Amino acid sequence: MMKMKSGKWRSIVLAIILFKFVCQSSYASFIPADNYLISCGSSRNVTYLGRTFLPDTTQSSLVLKSANSVVASSNSSVPSPVYQSARIFSTTSSYKFQIEQKGRHWVRLYFYPLTNSDSNLNSASFSVATEQFVLLSNFTFKSYNGSSMFKEYAINVASDNLMLYFVPSNNSVAFVNAIEVVSIPDALFPDQALALNPSAPFSGLSDLGFETVYRLNMGGPLISAQNDTLGRTWENDEKYLHVNSSAVRVAVNPSSIIYTASVTTETAPNWVYSTAEAMGNANVAGMNFNITWVFPVDPNFKYFVRAHFCDIMSASLNNLVFNLYINDDIAIGSLDLSSLTNGLDVPYYKDFVSNSSTDSDTLTVSVGPDTMVDVTNATMNGLEVMKISNEAKSLDGLSSLEDLLPNTPSNKSKLGIITGLIVGAVVTVVLIVVCYCCLVARKSKTPHQGHPWLPLPLYGNSLSLTKMSTTSQKSGTGSCISLASSNLGRVFMFQEILDATNKFDESLLLGVGGFGRVYKGTLEDGTKVAVKRGNPRSEQGLAEFRTEIEMLSKLRHRHLVSLIGYCDERSEMILVYEYMANGPLRSHLYGTDLPPLSWKQRLEICIGAARGLHYLHTGAAQSIIHRDVKTTNILLDENFVAKVADFGLSKTGPALDQTHVSTAVKGSFGYLDPEYFRRQQLTEKSDVYSFGVVLMEVLCTRPALNPVLPREQVNIAEWAMTWQKKGMLDQIMDPNLVGKVNPASLKKFGETAEKCLAEHGVDRPSMGDVLWNLEYALQLEETSSALMEPEDNSTNHIPGIPLTPLEPFDNSVSLIDGGNSGTDDDGEDVTTSAVFSQLVNPRGR
Ligand SMILES: *[C@@H]1O[C@H](CO)[C@@H](O)[C@H](O)[C@H]1NC(C)=O
Ligand SMILES: *[C@@H]1O[C@H](CO)[C@@H](O)[C@H](O)[C@H]1NC(C)=O
């Protein structure tokens, strides 16, 4: 029965994957209806970086009208072969391109003042225009100092031809070396964007001309035309970064980017989305700055700004909320990528219309932390800035087409503009009404209503179909544990939760984490609890919700945070934990006013956490890898007993015959095992590495990553290791500890951390070894310097120090059931497949 079912599901899934593949490949293979690459004045084909430019005289669909043109060419050094010839005009001349498909087209112009022509092209002054827009107005090369110039425009062509006029200024000549006229997919440029200052929808963009002025690949390499499906060039952002801002580059494998129906490779190549600038480690208190880029612009124009985002750095959903500013205006407040994309590595972009900043000829774009949210990080992957044509229908200066081309029928129809305005106004009104309705709907959303995070067909039908079916598939092949049928702790009624948290009173908010908000609550019997309420907008949160329930309900250990129960009434995702009165370890290290911990307290906390992890790794038949060990996931109860929390990312470890689990890299920056990052192979030793970072953090009381510091100090693992290797760790330790630490204890601690941070997993100790060593360091501290440290090896421990035996693991409840066993099929999140079983149709429950 089960087999049949899963077989059937598999074939459906296969069909869907195939369907998805067909869809994706149809996006991927956008073939421009019009595709002119023209080498002007050339007598032969010019191929450069895989693209061939044809001579301007050999195509019937292209007509050159010039009373007087000459050809120049050069064999001497030119910036690229595209520039090696030019056509020079002494009177107004034109190219007429036959257009197969109306719509927006790239118009790309290449200029280079070749030296061996009769005219001095360096002092040439001329204008370039289409029938609709002035592209260049009395432009001269003088200011360019003999370098080449590339211009890219995006022009809507509404007729069967595109005319490109070259108009020499008085007594000068005009010239051009190469031209591209290439179709753009309709979806790439919208008619609308959000205008800022004041914030309002701006419509009618289709009627306006664009000129690309900046196109950046944040934190990544130059992407040249042949590597972009639409022949665009993306440059690195570093030279535009504001000096005072401090950004960290992040990158993932480009193949991990997940395109959707609304964001495709035509939007931007995966090389753009797979790199970013970011602030670095999340949650670092006092890390409050913006990453700012500054762009010189012409203050007389409006700009179309497209910001590209993709959460490539979070370990889990809902860990990244930040603000986007354009100039000093907030462009997007509390931008929560998780809720917009429902996934990590899923790209998103947003369009704006903006002026230059007031009284200045720069445009600034910043991302920075949202002070309303606990998560301190911000990121951006790509940015496009395009100049928008002005009232004179010009992209360069104020002279209009009529001034430039008095004899051409450029003055098309004023009627069109008026119609455009009316349509624009109507659309605006509709949009405002829709926005208002959305807002009202959102405001009035109470827990009594339906299931707001059910997959809505946000991306059109194909994707939502895919999503639903993937979900179903998981249920088909998964293990079908249902929440009700297994003993997963107490089931709370939603009303009980409301009473306990005073209706989720914001004053009881303990924090905002990977999964949602955590509130302090008091049960009817007076028991203090922590209530974690899943972000209702996050579909993937459900997976982590299940993982956490399943993991925690079967794991009982003094050093693991206990799950008391859960509530899934009305599709709420609420977990109820024991309350940890002293909160996260990190808040006792830095960023708060809490009193510093003593060395002994720190050792005891580290030992507690190590015990919890040791239990995870060895307590079960199959070990459990936490994957997100960090100082915010080590919580302290009222007696400062440390407990490991947050199992949303946990995975079961490798099966006996395997040494690792292959998996997409998840975890928190600064704590990530470099080997895991490189090889995407997860072992218990990845947790050991992260724990090494925790040890250094405990000793030095600074964040794992702090991008504000000088380069060599940014990463605590690197920084502390250089001092540890010199045997001078005391130089960078918490000043509060200076003189209060037994040197032998410190030495043991430093050595332990060093071993944890070994480059290769095989060189790192097991959590059991770490535990012994920390016990030893504590013993050294307690017996003070009276006890001399013997020459030892790392696993040595002093006989007589009692080690709390590990609580026996309850084998009667197998943590891993058949359908889920370890490393099967695809390296997907194994822990989530069972999780999904409950999620097929929460409405049905
Ligand atoms: C130039 O390229 C075009 C298209 O690739 C080709 O059809 C033509 O034969 C080439 N001409 C020469 C002279 O190589
Ligand atoms: C980031 O920039 C915006 C806009 O200029 C400003 O309002 C905000 O205070 C800045 N935030 C920080 C942390 O500097």
# chains A, B, ... in the order shown; residues from 1 in each chain; ligands from 1
$ closest_atom_pairs --of "chain A" --to "ligand 1" --cutoff "9 Å" --atoms "only C-alpha atoms and all ligand atoms" --output "JSON lines"
{"residue": "A:Ser43", "atom": "CA", "partner": "ligand 1", "partner_atom_place_in_ligand_line": "13 (C)", "distance": 8.2}
{"residue": "A:Arg44", "atom": "CA", "partner": "ligand 1", "partner_atom_place_in_ligand_line": "13 (C)", "distance": 5.5}
{"residue": "A:Asn45", "atom": "CA", "partner": "ligand 1", "partner_atom_place_in_ligand_line": "1 (C)", "distance": 4.9}
{"residue": "A:Val46", "atom": "CA", "partner": "ligand 1", "partner_atom_place_in_ligand_line": "1 (C)", "distance": 8.0}
{"residue": "A:Thr47", "atom": "CA", "partner": "ligand 1", "partner_atom_place_in_ligand_line": "2 (O)", "distance": 8.8}
{"residue": "A:Thr52", "atom": "CA", "partner": "ligand 1", "partner_atom_place_in_ligand_line": "5 (O)", "distance": 6.4}
{"residue": "A:Phe53", "atom": "CA", "partner": "ligand 1", "partner_atom_place_in_ligand_line": "2 (O)", "distance": 7.6}
{"residue": "A:Leu54", "atom": "CA", "partner": "ligand 1", "partner_atom_place_in_ligand_line": "1 (C)", "distance": 5.8}
{"residue": "A:Pro55", "atom": "CA", "partner": "ligand 1", "partner_atom_place_in_ligand_line": "1 (C)", "distance": 8.1}
$ residues_near_ligand --ligand "ligand 2" --cutoff "12 Å" --atoms "only C-alpha atoms and all ligand atoms" --output "ChimeraX atom specification"
/A:242,244-246,279,285-294,322-333,357,363-372,376-378
$ select_by_dssp --residues "range 97-206 of chain A" --states "helix (DSSP H, G or I)" --output "count of residues only"
12
$ closest_residue --among "A:Gln779, A:Asn217, A:Ser339, A:Ser61" --to "Glu235 in chain A" --atoms "only C-alpha atoms"
A:Asn217
$ residues_around --residues "range 111-123 of chain A" --least-positions-apart "2" --cutoff "10 Å" --atoms "only C-alpha atoms" --output "VMD selection string"
chain A and resid 70 to 80 82 to 86 88 90 109 125 to 126 139 to 151 172 to 179
$ select_by_dssp --residues "range 21-130 of chain A" --states "strand (DSSP E)" --output "PyMOL selection string"
chain A and resi 35-39+46-48+51-55+62-65+69-73+85-89+93-98+103-111+125-130
$ residues_around --residues "Ala154 in chain A" --least-positions-apart "3" --cutoff "9 Å" --atoms "only C-alpha atoms" --output "MDAnalysis selection string"
chainID A and resid 104:108 184 209:212
$ write_last_selection --atoms "C-alpha atoms" --output "PDB file, in the first residue's frame"
ATOM      1  CA  ARG A 104      11.771  47.335 -25.361  1.00  0.00           C
ATOM      2  CA  HIS A 105      15.174  46.904 -26.998  1.00  0.00           C
ATOM      3  CA  TRP A 106      18.699  47.376 -25.848  1.00  0.00           C
ATOM      4  CA  VAL A 107      20.448  50.030 -27.879  1.00  0.00           C
ATOM      5  CA  ARG A 108      24.149  49.761 -27.171  1.00  0.00           C
ATOM      6  CA  ILE A 184      14.539  42.590 -24.268  1.00  0.00           C
ATOM      7  CA  GLY A 209      13.628  55.775 -22.204  1.00  0.00           C
ATOM      8  CA  PHE A 210      16.280  54.319 -19.909  1.00  0.00           C
ATOM      9  CA  GLU A 211      20.024  54.627 -19.908  1.00  0.00           C
ATOM     10  CA  THR A 212      22.039  52.196 -17.818  1.00  0.00           C
TER      11      THR A 212
END
$ residues_around --residues "range 588-592 of chain A" --least-positions-apart "2" --cutoff "7 Å" --atoms "only C-alpha atoms" --output "ChimeraX atom specification"
/A:285-286,585-586,594,596-597,698,701-702
$ write_last_selection --atoms "N, CA, C and O atoms" --output "tab-separated table (two decimals), in the first residue's frame"
chain	number	residue	atom	x	y	z
A	285	ALA	N	25.50	42.94	19.03
A	285	ALA	CA	25.03	44.18	19.63
A	285	ALA	C	26.03	45.29	19.33
A	285	ALA	O	27.23	45.04	19.23
A	286	GLY	N	25.56	46.45	19.18
A	286	GLY	CA	26.45	47.57	18.92
A	286	GLY	C	26.92	47.63	17.47
A	286	GLY	O	27.58	48.57	17.08
A	585	LEU	N	23.65	32.76	26.35
A	585	LEU	CA	25.01	32.98	26.84
A	585	LEU	C	25.59	34.28	26.31
A	585	LEU	O	26.25	35.03	27.03
A	586	ARG	N	25.32	34.56	25.04
A	586	ARG	CA	25.94	35.74	24.45
A	586	ARG	C	25.65	37.02	25.23
A	586	ARG	O	26.50	37.88	25.37
A	594	LEU	N	24.88	43.36	31.49
A	594	LEU	CA	24.92	42.31	32.51
A	594	LEU	C	26.33	42.18	33.07
A	594	LEU	O	27.31	42.41	32.37
A	596	PRO	N	29.90	40.81	34.21
A	596	PRO	CA	30.72	39.78	33.57
A	596	PRO	C	30.70	38.48	34.36
A	596	PRO	O	30.62	38.48	35.58
A	597	LEU	N	30.79	37.37	33.63
A	597	LEU	CA	30.84	36.06	34.28
A	597	LEU	C	32.26	35.80	34.77
A	597	LEU	O	33.23	36.23	34.14
A	698	VAL	N	33.75	33.08	24.36
A	698	VAL	CA	33.60	33.11	25.81
A	698	VAL	C	34.84	33.72	26.46
A	698	VAL	O	34.75	34.50	27.41
A	701	THR	N	35.16	37.58	24.75
A	701	THR	CA	33.96	38.41	24.80
A	701	THR	C	33.85	39.38	23.63
A	701	THR	O	33.79	40.59	23.80
A	702	ARG	N	33.83	38.79	22.46
A	702	ARG	CA	33.58	39.56	21.26
A	702	ARG	C	32.86	38.64	20.26
A	702	ARG	O	32.94	37.42	20.37
$ residues_around --residues "Val157 in chain A" --least-positions-apart "5" --cutoff "12 Å" --atoms "only C-alpha atoms" --output "CSV table (one decimal) with all heavy atoms, in the first residue's frame"
chain,number,residue,atom,x,y,z
A,34,ASP,N,14.8,40.4,-32.3
A,34,ASP,CA,15.8,41.3,-33.0
A,34,ASP,C,17.1,41.2,-32.3
A,34,ASP,O,17.2,41.3,-31.1
A,34,ASP,CB,15.3,42.7,-32.9
A,34,ASP,CG,13.9,42.9,-33.5
A,34,ASP,OD1,13.8,42.5,-34.7
A,34,ASP,OD2,13.0,43.3,-32.8
A,97,PHE,N,16.8,50.2,-38.5
A,97,PHE,CA,16.8,48.8,-38.1
A,97,PHE,C,15.4,48.3,-38.3
A,97,PHE,O,14.5,48.9,-37.7
A,97,PHE,CB,17.2,48.6,-36.7
A,97,PHE,CG,18.7,48.9,-36.4
A,97,PHE,CD1,19.0,50.3,-36.1
A,97,PHE,CD2,19.7,48.0,-36.4
A,97,PHE,CE1,20.3,50.6,-35.8
A,97,PHE,CE2,21.0,48.3,-36.2
A,97,PHE,CZ,21.3,49.6,-35.9
A,98,GLN,N,15.2,47.3,-39.1
A,98,GLN,CA,13.9,46.7,-39.2
A,98,GLN,C,13.6,45.9,-37.9
A,98,GLN,O,14.5,45.0,-37.5
A,98,GLN,CB,13.9,45.7,-40.4
A,98,GLN,CG,12.5,45.2,-40.8
A,98,GLN,CD,12.6,44.4,-42.0
A,98,GLN,OE1,13.3,44.7,-43.0
A,98,GLN,NE2,12.0,43.2,-42.0
A,99,ILE,N,12.5,46.1,-37.3
A,99,ILE,CA,12.1,45.5,-36.0
A,99,ILE,C,11.1,44.4,-36.2
A,99,ILE,O,10.0,44.6,-36.8
A,99,ILE,CB,11.6,46.6,-35.0
A,99,ILE,CG1,12.7,47.6,-34.7
A,99,ILE,CG2,11.1,45.9,-33.7
A,99,ILE,CD1,14.0,47.0,-34.1
A,100,GLU,N,11.4,43.2,-35.8
A,100,GLU,CA,10.5,42.0,-35.9
A,100,GLU,C,9.5,42.1,-34.9
A,100,GLU,O,8.3,41.7,-35.1
A,100,GLU,CB,11.3,40.7,-35.7
A,100,GLU,CG,12.3,40.4,-36.9
A,100,GLU,CD,11.5,40.1,-38.2
A,100,GLU,OE1,10.4,39.5,-38.1
A,100,GLU,OE2,12.0,40.5,-39.2
A,101,GLN,N,9.9,42.5,-33.7
A,101,GLN,CA,8.9,42.4,-32.6
A,101,GLN,C,9.0,43.7,-31.8
A,101,GLN,O,10.1,44.0,-31.2
A,101,GLN,CB,9.3,41.2,-31.7
A,101,GLN,CG,8.2,40.8,-30.7
A,101,GLN,CD,8.5,39.5,-30.0
A,101,GLN,OE1,9.1,38.6,-30.6
A,101,GLN,NE2,8.2,39.5,-28.7
A,102,LYS,N,7.9,44.4,-31.7
A,102,LYS,CA,7.8,45.7,-30.9
A,102,LYS,C,8.1,45.4,-29.5
A,102,LYS,O,7.8,44.3,-29.0
A,102,LYS,CB,6.5,46.4,-31.1
A,102,LYS,CG,6.3,46.8,-32.6
A,102,LYS,CD,4.9,47.3,-32.8
A,102,LYS,CE,4.7,47.5,-34.3
A,102,LYS,NZ,3.3,47.8,-34.6
A,103,GLY,N,8.5,46.4,-28.8
A,103,GLY,CA,8.8,46.3,-27.4
A,103,GLY,C,10.1,46.9,-27.0
A,103,GLY,O,10.8,47.5,-27.9
A,104,ARG,N,10.5,46.7,-25.8
A,104,ARG,CA,11.8,47.3,-25.4
A,104,ARG,C,13.0,46.6,-26.0
A,104,ARG,O,13.0,45.4,-26.1
A,104,ARG,CB,11.9,47.4,-23.8
A,104,ARG,CG,12.5,48.7,-23.3
A,104,ARG,CD,12.4,48.7,-21.8
A,104,ARG,NE,11.4,49.6,-21.2
A,104,ARG,CZ,11.5,50.9,-21.1
A,104,ARG,NH1,12.5,51.5,-21.5
A,104,ARG,NH2,10.5,51.6,-20.6
A,105,HIS,N,13.9,47.4,-26.4
A,105,HIS,CA,15.2,46.9,-27.0
A,105,HIS,C,16.4,47.5,-26.3
A,105,HIS,O,16.3,48.7,-25.9
A,105,HIS,CB,15.2,47.2,-28.5
A,105,HIS,CG,14.3,46.4,-29.3
A,105,HIS,ND1,12.9,46.5,-29.2
A,105,HIS,CD2,14.6,45.5,-30.3
A,105,HIS,CE1,12.4,45.7,-30.1
A,105,HIS,NE2,13.3,45.1,-30.8
A,106,TRP,N,17.4,46.8,-26.2
A,106,TRP,CA,18.7,47.4,-25.8
A,106,TRP,C,19.2,48.1,-27.1
A,106,TRP,O,19.2,47.6,-28.2
A,106,TRP,CB,19.8,46.3,-25.5
A,106,TRP,CG,19.5,45.4,-24.4
A,106,TRP,CD1,19.4,44.1,-24.5
A,106,TRP,CD2,19.3,45.8,-23.0
A,106,TRP,NE1,19.1,43.5,-23.2
A,106,TRP,CE2,19.1,44.6,-22.3
A,106,TRP,CE3,19.3,47.0,-22.3
A,106,TRP,CZ2,18.9,44.5,-20.9
A,106,TRP,CZ3,19.1,46.9,-20.9
A,106,TRP,CH2,18.9,45.7,-20.3
A,107,VAL,N,19.7,49.3,-26.9
A,107,VAL,CA,20.4,50.0,-27.9
A,107,VAL,C,21.8,50.3,-27.3
A,107,VAL,O,21.9,51.0,-26.3
A,107,VAL,CB,19.8,51.4,-28.3
A,107,VAL,CG1,20.6,52.1,-29.3
A,107,VAL,CG2,18.4,51.1,-28.9
A,130,THR,N,17.1,58.5,-31.2
A,130,THR,CA,16.1,57.7,-32.0
A,130,THR,C,15.0,58.6,-32.4
A,130,THR,O,15.0,59.8,-32.1
A,130,THR,CB,15.6,56.5,-31.1
A,130,THR,OG1,14.8,57.1,-30.1
A,130,THR,CG2,16.8,55.8,-30.4
A,131,GLU,N,14.0,58.0,-32.9
A,131,GLU,CA,12.8,58.8,-33.3
A,131,GLU,C,12.1,59.3,-32.0
A,131,GLU,O,11.3,60.3,-32.1
A,131,GLU,CB,11.8,58.0,-34.2
A,131,GLU,CG,11.9,58.5,-35.6
A,131,GLU,CD,11.1,57.6,-36.5
A,131,GLU,OE1,11.1,56.4,-36.2
A,131,GLU,OE2,10.4,58.1,-37.4
A,132,GLN,N,12.3,58.7,-30.9
A,132,GLN,CA,11.6,59.0,-29.7
A,132,GLN,C,12.5,59.8,-28.7
A,132,GLN,O,11.9,60.6,-28.0
A,132,GLN,CB,11.1,57.8,-29.0
A,132,GLN,CG,10.1,57.0,-29.8
A,132,GLN,CD,10.0,55.6,-29.2
A,132,GLN,OE1,10.9,54.8,-29.3
A,132,GLN,NE2,8.9,55.3,-28.5
A,133,PHE,N,13.7,59.5,-28.6
A,133,PHE,CA,14.5,60.0,-27.5
A,133,PHE,C,15.9,60.5,-28.0
A,133,PHE,O,16.5,60.0,-28.9
A,133,PHE,CB,14.8,58.9,-26.5
A,133,PHE,CG,13.6,58.4,-25.9
A,133,PHE,CD1,13.1,57.1,-26.2
A,133,PHE,CD2,12.8,59.1,-24.9
A,133,PHE,CE1,11.9,56.6,-25.7
A,133,PHE,CE2,11.7,58.6,-24.4
A,133,PHE,CZ,11.2,57.4,-24.7
A,162,LEU,N,13.4,50.9,-36.1
A,162,LEU,CA,14.1,51.8,-35.2
A,162,LEU,C,15.1,52.6,-35.9
A,162,LEU,O,15.9,52.1,-36.6
A,162,LEU,CB,14.8,51.0,-34.1
A,162,LEU,CG,15.7,51.8,-33.2
A,162,LEU,CD1,14.9,52.6,-32.2
A,162,LEU,CD2,16.7,50.9,-32.4
A,163,MET,N,14.9,54.0,-35.8
A,163,MET,CA,15.8,54.9,-36.5
A,163,MET,C,16.8,55.3,-35.5
A,163,MET,O,16.5,55.7,-34.3
A,163,MET,CB,15.0,56.1,-37.0
A,163,MET,CG,14.0,55.8,-38.0
A,163,MET,SD,14.6,55.2,-39.6
A,163,MET,CE,15.6,56.5,-40.1
A,164,LEU,N,18.1,55.3,-35.9
A,164,LEU,CA,19.1,55.8,-35.0
A,164,LEU,C,19.9,56.9,-35.8
A,164,LEU,O,20.5,56.7,-36.8
A,164,LEU,CB,20.1,54.6,-34.7
A,164,LEU,CG,20.9,54.7,-33.4
A,164,LEU,CD1,20.1,55.0,-32.2
A,164,LEU,CD2,21.7,53.4,-33.3
A,181,VAL,N,21.4,46.4,-31.3
A,181,VAL,CA,20.0,46.6,-31.1
A,181,VAL,C,19.4,45.2,-30.9
A,181,VAL,O,19.4,44.4,-31.8
A,181,VAL,CB,19.3,47.3,-32.3
A,181,VAL,CG1,17.8,47.3,-32.2
A,181,VAL,CG2,19.8,48.7,-32.5
A,182,VAL,N,19.0,44.9,-29.6
A,182,VAL,CA,18.6,43.6,-29.3
A,182,VAL,C,17.3,43.6,-28.4
A,182,VAL,O,17.2,44.4,-27.5
A,182,VAL,CB,19.7,42.9,-28.4
A,182,VAL,CG1,19.4,41.5,-28.1
A,182,VAL,CG2,21.1,43.0,-29.1
A,183,SER,N,16.4,42.7,-28.7
A,183,SER,CA,15.1,42.6,-28.0
A,183,SER,C,15.4,42.3,-26.5
A,183,SER,O,16.3,41.5,-26.2
A,183,SER,CB,14.3,41.5,-28.6
A,183,SER,OG,14.0,41.8,-29.9
A,184,ILE,N,14.5,42.9,-25.7
A,184,ILE,CA,14.5,42.6,-24.3
A,184,ILE,C,13.2,41.8,-24.0
A,184,ILE,O,12.2,42.2,-24.5
A,184,ILE,CB,14.6,43.9,-23.5
A,184,ILE,CG1,15.8,44.7,-23.8
A,184,ILE,CG2,14.5,43.7,-22.0
A,184,ILE,CD1,15.9,46.1,-23.2
A,186,ASP,N,9.8,41.0,-22.5
A,186,ASP,CA,8.8,42.0,-22.0
A,186,ASP,C,8.8,42.2,-20.5
A,186,ASP,O,8.5,43.3,-20.0
A,186,ASP,CB,7.4,41.6,-22.5
A,186,ASP,CG,7.2,41.7,-24.0
A,186,ASP,OD1,7.9,42.6,-24.5
A,186,ASP,OD2,6.4,41.1,-24.5
A,206,SER,N,6.8,52.5,-19.3
A,206,SER,CA,6.9,52.0,-20.6
A,206,SER,C,7.2,53.0,-21.7
A,206,SER,O,7.8,52.8,-22.7
A,206,SER,CB,5.7,51.2,-21.0
A,206,SER,OG,5.3,50.3,-19.9
A,207,ASP,N,6.6,54.2,-21.4
A,207,ASP,CA,6.8,55.3,-22.4
A,207,ASP,C,8.1,56.0,-22.3
A,207,ASP,O,8.4,56.9,-23.1
A,207,ASP,CB,5.6,56.3,-22.2
A,207,ASP,CG,4.3,55.6,-22.5
A,207,ASP,OD1,4.2,54.8,-23.3
A,207,ASP,OD2,3.3,56.0,-21.7
A,208,LEU,N,8.9,55.7,-21.3
A,208,LEU,CA,10.1,56.4,-21.1
A,208,LEU,C,11.3,55.7,-21.5
A,208,LEU,O,11.3,54.4,-21.6
A,208,LEU,CB,10.2,56.8,-19.6
A,208,LEU,CG,9.0,57.6,-19.1
A,208,LEU,CD1,9.1,57.8,-17.6
A,208,LEU,CD2,8.9,58.9,-19.8
A,209,GLY,N,12.4,56.4,-21.8
A,209,GLY,CA,13.6,55.8,-22.2
A,209,GLY,C,14.5,55.6,-21.0
A,209,GLY,O,14.5,56.4,-20.1
$ closest_residue --among "A:Leu230, A:Leu699, A:Val693, A:Val321" --to "Met733 in chain A" --atoms "only C-alpha atoms"
A:Leu699
$ decode --residues "range 569-585 of chain A" --atoms "N, CA and C atoms" --output "PDB file, in the first residue's frame"
ATOM      1  N   GLU A 569      -3.084  24.180  16.990  1.00  0.00           N
ATOM      2  CA  GLU A 569      -4.475  24.524  16.743  1.00  0.00           C
ATOM      3  C   GLU A 569      -4.531  25.671  15.738  1.00  0.00           C
ATOM      4  N   ARG A 570      -5.536  25.645  14.891  1.00  0.00           N
ATOM      5  CA  ARG A 570      -5.704  26.696  13.878  1.00  0.00           C
ATOM      6  C   ARG A 570      -4.421  26.920  13.093  1.00  0.00           C
ATOM      7  N   SER A 571      -3.676  25.860  12.925  1.00  0.00           N
ATOM      8  CA  SER A 571      -2.428  25.937  12.179  1.00  0.00           C
ATOM      9  C   SER A 571      -1.434  26.936  12.767  1.00  0.00           C
ATOM     10  N   GLU A 572      -1.574  27.195  14.024  1.00  0.00           N
ATOM     11  CA  GLU A 572      -0.508  27.931  14.701  1.00  0.00           C
ATOM     12  C   GLU A 572       0.689  26.991  14.795  1.00  0.00           C
ATOM     13  N   MET A 573       1.865  27.527  14.858  1.00  0.00           N
ATOM     14  CA  MET A 573       3.037  26.685  15.094  1.00  0.00           C
ATOM     15  C   MET A 573       3.686  27.209  16.362  1.00  0.00           C
ATOM     16  N   ILE A 574       3.306  26.652  17.472  1.00  0.00           N
ATOM     17  CA  ILE A 574       3.779  27.191  18.740  1.00  0.00           C
ATOM     18  C   ILE A 574       4.468  26.084  19.530  1.00  0.00           C
ATOM     19  N   LEU A 575       5.661  26.393  20.012  1.00  0.00           N
ATOM     20  CA  LEU A 575       6.395  25.452  20.835  1.00  0.00           C
ATOM     21  C   LEU A 575       6.521  26.049  22.228  1.00  0.00           C
ATOM     22  N   VAL A 576       6.345  25.213  23.227  1.00  0.00           N
ATOM     23  CA  VAL A 576       6.433  25.692  24.609  1.00  0.00           C
ATOM     24  C   VAL A 576       7.630  25.000  25.272  1.00  0.00           C
ATOM     25  N   TYR A 577       8.568  25.802  25.728  1.00  0.00           N
ATOM     26  CA  TYR A 577       9.793  25.273  26.320  1.00  0.00           C
ATOM     27  C   TYR A 577       9.872  25.642  27.788  1.00  0.00           C
ATOM     28  N   GLU A 578      10.786  24.960  28.448  1.00  0.00           N
ATOM     29  CA  GLU A 578      11.106  25.419  29.789  1.00  0.00           C
ATOM     30  C   GLU A 578      11.716  26.817  29.677  1.00  0.00           C
ATOM     31  N   TYR A 579      11.422  27.624  30.664  1.00  0.00           N
ATOM     32  CA  TYR A 579      11.889  29.009  30.615  1.00  0.00           C
ATOM     33  C   TYR A 579      13.320  29.083  31.114  1.00  0.00           C
ATOM     34  N   MET A 580      14.169  29.748  30.364  1.00  0.00           N
ATOM     35  CA  MET A 580      15.570  29.856  30.738  1.00  0.00           C
ATOM     36  C   MET A 580      15.795  31.279  31.244  1.00  0.00           C
ATOM     37  N   ALA A 581      15.784  31.409  32.562  1.00  0.00           N
ATOM     38  CA  ALA A 581      15.704  32.733  33.183  1.00  0.00           C
ATOM     39  C   ALA A 581      16.861  33.652  32.793  1.00  0.00           C
ATOM     40  N   ASN A 582      18.013  33.077  32.567  1.00  0.00           N
ATOM     41  CA  ASN A 582      19.157  33.946  32.290  1.00  0.00           C
ATOM     42  C   ASN A 582      19.474  34.127  30.810  1.00  0.00           C
ATOM     43  N   GLY A 583      18.610  33.609  29.976  1.00  0.00           N
ATOM     44  CA  GLY A 583      18.698  33.915  28.549  1.00  0.00           C
ATOM     45  C   GLY A 583      19.933  33.353  27.864  1.00  0.00           C
ATOM     46  N   PRO A 584      20.235  33.871  26.684  1.00  0.00           N
ATOM     47  CA  PRO A 584      21.361  33.331  25.920  1.00  0.00           C
ATOM     48  C   PRO A 584      22.718  33.670  26.525  1.00  0.00           C
ATOM     49  N   LEU A 585      23.650  32.757  26.354  1.00  0.00           N
ATOM     50  CA  LEU A 585      25.013  32.979  26.843  1.00  0.00           C
ATOM     51  C   LEU A 585      25.588  34.285  26.311  1.00  0.00           C
TER      52      LEU A 585
END
